[in-house]
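Source file: structure-v1.cif. Holds: mmCIF, C-alpha atoms.
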data_my_file
loop_
_atom_site.label_atom_id
_atom_site.label_comp_id
_atom_site.auth_asym_id
_atom_site.auth_seq_id
_atom_site.Cartn_x
_atom_site.Cartn_y
_atom_site.Cartn_z
CA MET A 1 17.54 14.82 -30.35
CA THR A 2 17.86 12.48 -27.38
CA VAL A 3 20.67 9.98 -26.76
CA VAL A 4 20.13 7.40 -24.05
CA VAL A 5 21.97 4.08 -23.75
CA ARG A 6 20.44 1.37 -21.58
CA ARG A 7 21.47 -2.13 -20.65
CA SER A 8 20.55 -4.85 -23.14
CA ALA A 9 17.10 -6.31 -22.37
CA LEU A 10 18.13 -9.75 -23.67
CA LYS A 11 21.20 -9.93 -21.42
CA MET A 12 19.18 -8.84 -18.40
CA TRP A 13 16.50 -11.45 -19.16
CA LEU A 14 19.19 -14.15 -19.44
CA MET A 15 20.65 -13.01 -16.13
CA ALA A 16 17.25 -13.29 -14.48
CA MET A 17 16.83 -16.78 -15.95
CA GLY A 18 20.28 -17.73 -14.63
CA GLY A 19 19.06 -17.24 -11.07
CA ILE A 20 16.15 -19.68 -11.42
CA PRO A 21 18.23 -22.89 -11.08
CA LEU A 22 19.74 -21.45 -7.89
CA LEU A 23 16.26 -20.84 -6.53
CA VAL A 24 15.02 -24.32 -7.46
CA ILE A 25 17.97 -26.18 -5.94
CA SER A 26 18.04 -24.06 -2.77
CA LEU A 27 14.30 -24.45 -2.22
CA ASP A 28 14.63 -28.19 -2.79
CA VAL A 29 17.38 -28.49 -0.17
CA LEU A 30 15.40 -26.39 2.31
CA THR A 31 12.13 -28.32 1.84
CA GLU A 32 11.43 -31.86 0.54
CA ARG A 33 14.81 -32.60 -1.10
CA ARG A 34 13.23 -34.49 -3.98
CA ILE A 35 15.69 -33.32 -6.64
CA THR A 36 18.76 -33.65 -4.45
CA ARG A 37 17.72 -37.09 -3.23
CA TRP A 38 17.17 -38.20 -6.83
CA LEU A 39 20.62 -36.86 -7.79
CA THR A 40 22.35 -38.57 -4.84
CA ASP A 41 20.64 -41.86 -5.76
CA ILE A 42 22.10 -41.57 -9.26
CA MET A 43 25.58 -40.47 -8.18
CA PHE A 44 26.23 -42.65 -5.13
CA ARG A 45 25.82 -46.30 -4.23
CA PRO A 46 23.02 -47.13 -1.76
CA GLU A 47 25.53 -48.15 0.95
CA ASP A 48 27.29 -44.77 0.72
CA VAL A 49 24.76 -42.71 2.64
CA GLN A 50 24.99 -38.99 2.05
CA ILE A 51 23.96 -36.93 5.05
CA PHE A 52 22.93 -33.30 4.83
CA GLU A 53 24.94 -31.23 7.25
CA PRO A 54 24.17 -27.78 8.68
CA ARG A 55 26.61 -26.24 6.20
CA ASP A 56 24.46 -27.60 3.34
CA VAL A 57 21.44 -25.76 4.74
CA ILE A 58 23.49 -22.57 5.20
CA PHE A 59 24.74 -22.87 1.64
CA ALA A 60 21.14 -23.38 0.45
CA TRP A 61 20.07 -20.16 2.23
CA VAL A 62 22.93 -18.28 0.59
CA MET A 63 21.95 -19.69 -2.82
CA LEU A 64 18.32 -18.72 -2.18
CA LEU A 65 19.29 -15.16 -1.28
CA PHE A 66 21.68 -14.80 -4.22
CA GLY A 67 19.23 -16.37 -6.68
CA THR A 68 16.40 -14.10 -5.48
CA LEU A 69 18.59 -11.00 -5.84
CA LEU A 70 19.76 -12.10 -9.29
CA VAL A 71 16.23 -12.73 -10.56
CA ALA A 72 14.86 -9.52 -8.99
CA TRP A 73 17.68 -7.37 -10.40
CA GLY A 74 17.46 -8.99 -13.84
CA LEU A 75 13.69 -8.46 -14.00
CA LYS A 76 14.01 -4.87 -12.74
CA GLU A 77 16.57 -4.15 -15.49
CA LEU A 78 14.35 -5.89 -18.05
CA PHE A 79 11.25 -3.81 -17.29
CA ILE A 80 12.86 -0.57 -16.02
CA PRO A 81 16.35 -0.50 -17.55
CA THR A 82 18.95 1.83 -16.06
CA LYS A 83 20.21 4.70 -18.20
CA VAL A 84 23.93 3.92 -18.43
CA ILE A 85 24.71 6.88 -20.72
CA GLU A 86 22.53 9.92 -21.26
CA CYS A 87 23.19 13.11 -23.20
CA ARG A 88 21.83 16.13 -21.38
CA ASP A 89 22.08 19.83 -22.12
CA GLU A 90 24.50 20.27 -19.20
CA GLY A 91 26.74 17.38 -20.25
CA LEU A 92 27.23 13.65 -20.64
CA ALA A 93 25.72 11.68 -17.75
CA ILE A 94 27.54 8.37 -17.14
CA ARG A 95 26.96 5.75 -14.46
CA VAL A 96 30.42 5.43 -12.92
CA ASN A 97 29.66 6.41 -9.30
CA GLY A 98 28.29 3.03 -8.26
CA PRO A 99 24.86 1.51 -7.75
CA LEU A 100 22.10 3.59 -6.15
CA ARG A 101 24.11 6.78 -6.72
CA PRO A 102 23.41 9.51 -9.26
CA PRO A 103 25.43 9.48 -12.47
CA ALA A 104 28.50 11.65 -12.96
CA VAL A 105 27.81 14.49 -15.39
CA LEU A 106 30.73 15.56 -17.55
CA PRO A 107 30.25 19.08 -18.94
CA TRP A 108 30.47 19.23 -22.72
CA ASP A 109 33.44 21.60 -22.57
CA ASN A 110 35.39 18.99 -20.58
CA ILE A 111 34.94 16.25 -23.21
CA ARG A 112 37.68 16.13 -25.83
CA ASP A 113 36.62 13.01 -27.77
CA VAL A 114 34.34 9.97 -27.63
CA GLY A 115 34.96 6.68 -29.40
CA GLY A 116 34.55 2.93 -29.26
CA ALA A 117 37.33 0.39 -28.67
CA ASP A 118 38.01 -3.16 -27.49
CA ILE A 119 40.33 -4.11 -24.65
CA ASP A 120 41.92 -7.48 -23.90
CA ASP A 121 41.20 -8.40 -20.28
CA GLU A 122 43.11 -11.62 -19.55
CA GLY A 123 41.98 -13.23 -22.80
CA ASP A 124 38.46 -11.77 -22.84
CA VAL A 125 37.76 -9.02 -25.36
CA ILE A 126 35.61 -6.34 -23.73
CA PRO A 127 34.01 -3.53 -25.76
CA LEU A 128 34.56 -0.06 -24.31
CA LEU A 129 33.15 3.39 -24.83
CA ILE A 130 36.20 5.65 -24.52
CA VAL A 131 35.56 9.18 -23.24
CA THR A 132 38.62 11.43 -23.43
CA VAL A 133 38.44 14.37 -21.03
CA PHE A 134 40.50 17.51 -20.55
CA SER A 135 40.30 17.19 -16.75
CA ARG A 136 39.55 14.29 -14.39
CA ASP A 137 37.89 16.62 -11.87
CA GLY A 138 34.65 15.19 -10.53
CA LEU A 139 35.48 11.64 -11.64
CA ALA A 140 36.56 8.85 -9.31
CA ASP A 141 40.05 7.38 -9.46
CA ASN A 142 38.46 3.90 -9.48
CA PRO A 143 35.16 4.34 -11.36
CA TRP A 144 32.46 1.69 -11.12
CA GLY A 145 31.85 -0.19 -14.38
CA ALA A 146 34.73 1.64 -16.05
CA ARG A 147 38.49 2.07 -15.85
CA TRP A 148 41.07 4.66 -16.75
CA VAL A 149 42.82 3.26 -19.84
CA ALA A 150 45.12 6.30 -20.08
CA GLU A 151 45.71 9.45 -18.05
CA ARG A 152 42.61 11.18 -19.41
CA GLU A 153 40.78 8.33 -21.21
CA LEU A 154 37.89 6.76 -19.35
CA GLY A 155 36.90 3.35 -20.74
CA ILE A 156 33.28 2.49 -19.86
CA MET A 157 32.52 -1.24 -20.05
CA ALA A 158 30.00 -1.66 -22.86
CA GLN A 159 29.31 -5.40 -22.89
CA ASP A 160 25.84 -4.76 -21.39
CA PHE A 161 24.93 -1.87 -23.72
CA ASP A 162 21.94 -2.29 -25.99
CA GLU A 163 24.02 -1.06 -28.97
CA ASP A 164 27.58 -1.02 -30.28
CA PRO A 165 29.86 1.46 -28.42
CA GLN A 166 31.10 2.95 -31.72
CA LYS A 167 27.52 3.76 -32.75
CA THR A 168 26.93 5.19 -29.29
CA ALA A 169 30.03 7.38 -29.66
CA GLU A 170 28.78 8.67 -33.02
CA LYS A 171 25.39 9.54 -31.52
CA ILE A 172 27.06 11.32 -28.60
CA ALA A 173 29.25 13.30 -31.01
CA ASP A 174 26.21 14.26 -33.09
CA TYR A 175 24.40 15.38 -29.93
CA ALA A 176 27.41 17.47 -28.84
CA VAL A 177 27.62 19.16 -32.25
CA ASP A 178 23.87 19.84 -32.21
CA LYS A 179 24.15 21.24 -28.66
CA ALA A 180 27.01 23.54 -29.74
CA ARG A 181 24.95 24.79 -32.72
CA ARG A 182 21.94 25.45 -30.50
CA GLY A 183 24.16 27.31 -28.03
CA ARG A 184 25.63 29.39 -30.83
CA ARG A 185 22.17 30.25 -32.18
CA GLU A 186 21.02 31.28 -28.69
CA THR A 187 24.11 33.48 -28.28
CA ILE A 188 23.56 35.14 -31.67
CA ALA A 189 19.85 35.66 -30.88
CA GLY A 190 20.76 37.20 -27.51
CA VAL A 191 23.26 39.59 -29.11
CA SER A 192 20.70 40.56 -31.80
CA GLU A 193 18.10 41.38 -29.14
CA GLU A 194 20.59 43.55 -27.25
CA HIS A 195 21.37 45.62 -30.36
CA ALA A 196 17.72 45.94 -31.42
#

Can you give me the file's structure in the form of structure tokens?
Amino acid sequence: MTVVVRRSALKMWLMAMGGIPLLVISLDVLTERRITRWLTDIMFRPEDVQIFEPRDVIFAWVMLLFGTLLVAWGLKELFIPTKVIECRDEGLAIRVNGPLRPPAVLPWDNIRDVGGADIDDEGDVIPLLIVTVFSRDGLADNPWGARWVAERELGIMAQDFDEDPQKTAEKIADYAVDKARRGRRETIAGVSEEHA
């Protein structure tokens, strides 16, 4: 049994598409200015000349850089999605250490409970995967993409997950039970071999 949660392909594709208007407008400002000239002709009277200033070009470069990064990251996540949550034999691997860093691995004996919940964040309802631990050792005080919702309850932001956090929690619990059974069988087999 394998449990892996990735980011939603649809949301990543939409994010990549969101960067395209930034690229188009920035390239227009940096080259021929056909679109921006057409827009200024519609918005302003002919006697109100609009002059492009150096700050407009700087802003266009920033938009080009940001749009390129947004499209590249969205396409990378679409074709090679990051494993946000992964059940391993040694524990639950969660991406809370930040980008380009390995995931934190919580040993199974440190996990008390796993569940799904929603949190109200200034009017926005955000789905969370709640991981209750016995000890916060090895976990950051300010985790990336997550927050401590109680002393020992880590809420992992699940709005980008490819499935519901409650279903994810159930799969994680099933994996943990299966892992415990396999461990018990291995222990019993080891004891049987010693007495044989």

- Select, counting all atoms listed in the file, all protein, DNA and RNA residues no farther than 10 Å from (33.9, 14.1, -19.6) in file coordinates, and express the selection as an MDAnalysis selection string. chainID A and resid 91:94 104:114 131:139 152:154

- Once the PyMOL selection byres ((chain A and resi 171-173) around 12) has been applied to the shown file, what residues remain in the selection, as a ChimeraX atom specification? /A:1-5,85-89,91-94,108,111-116,129-131,163-170,174-180

- Between atom CA of A:Gly98 and atom CA of A:Leu78 lies a distance of 19.2 Å

- Item | Long-range neighbours of A:Ala140 as a ChimeraX atom specification, 10 Å cut-off, all atoms listed in the file, 6 positions minimum in chain | /A:96-97,104,147-148

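Minimum distance to A:Asp160 across A:Arg33, A:Lys83, A:Arg101, A:Arg181 (counting all atoms listed in the file) occurs at A:Lys83.
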
- So how many Å separate atom CA of A:Met17 and atom CA of A:Val62, to one decimal? 17.7 Å

- Query: Of the candidates A:Trp38, A:Trp73, A:Phe66, A:Phe59, which shows the shortest atom-to-atom distance to A:Ala16, using all atoms listed in the file?
  - Reply: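 Once distances to A:Ala16 are computed over all atoms listed in the file, the minimum belongs to A:Trp73.
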
- Query: For A:Leu30, which of A:Leu10, A:Gly145, A:Asp56, A:Pro99 is the closest residue, counting all atoms listed in the file?
  - Reply: A:Asp56

- Coordinates-based distance that separates atom CA of A:Val125 from atom CA of A:Asp162 (Å, one decimal):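 Computed distance, atom CA of A:Asp162 to atom CA of A:Val125, equals 17.2 Å.
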
Around all the atoms of stretch 79-84 of chain A listed in the file, draw an axis-aligned box and extend it by 8 Å on each of the six sides; I want its centre and edge lengths in Å to one decimal, as JSON.
{"center_x": 17.6, "center_y": 0.4, "center_z": -17.2, "size_x": 28.7, "size_y": 24.5, "size_z": 18.4}

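Using all atoms listed in the file, the smallest distance between any of A:Leu128, A:Ala150, A:Met43, A:Ile20 and A:Leu65 comes from A:Ile20.
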
- Once the PyMOL selection byres ((chain A and resi 7) around 8) has been applied to the shown file, what residues remain in the selection, as a list in words?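 What the PyMOL selection byres ((chain A and resi 7) around 8) grabs from the file is Val5, Arg6, Ser8, Ala9, Lys11, Met12, Glu77, Pro81, Thr82, Lys83, Val84, Asp160, Phe161 and Asp162 of chain A.
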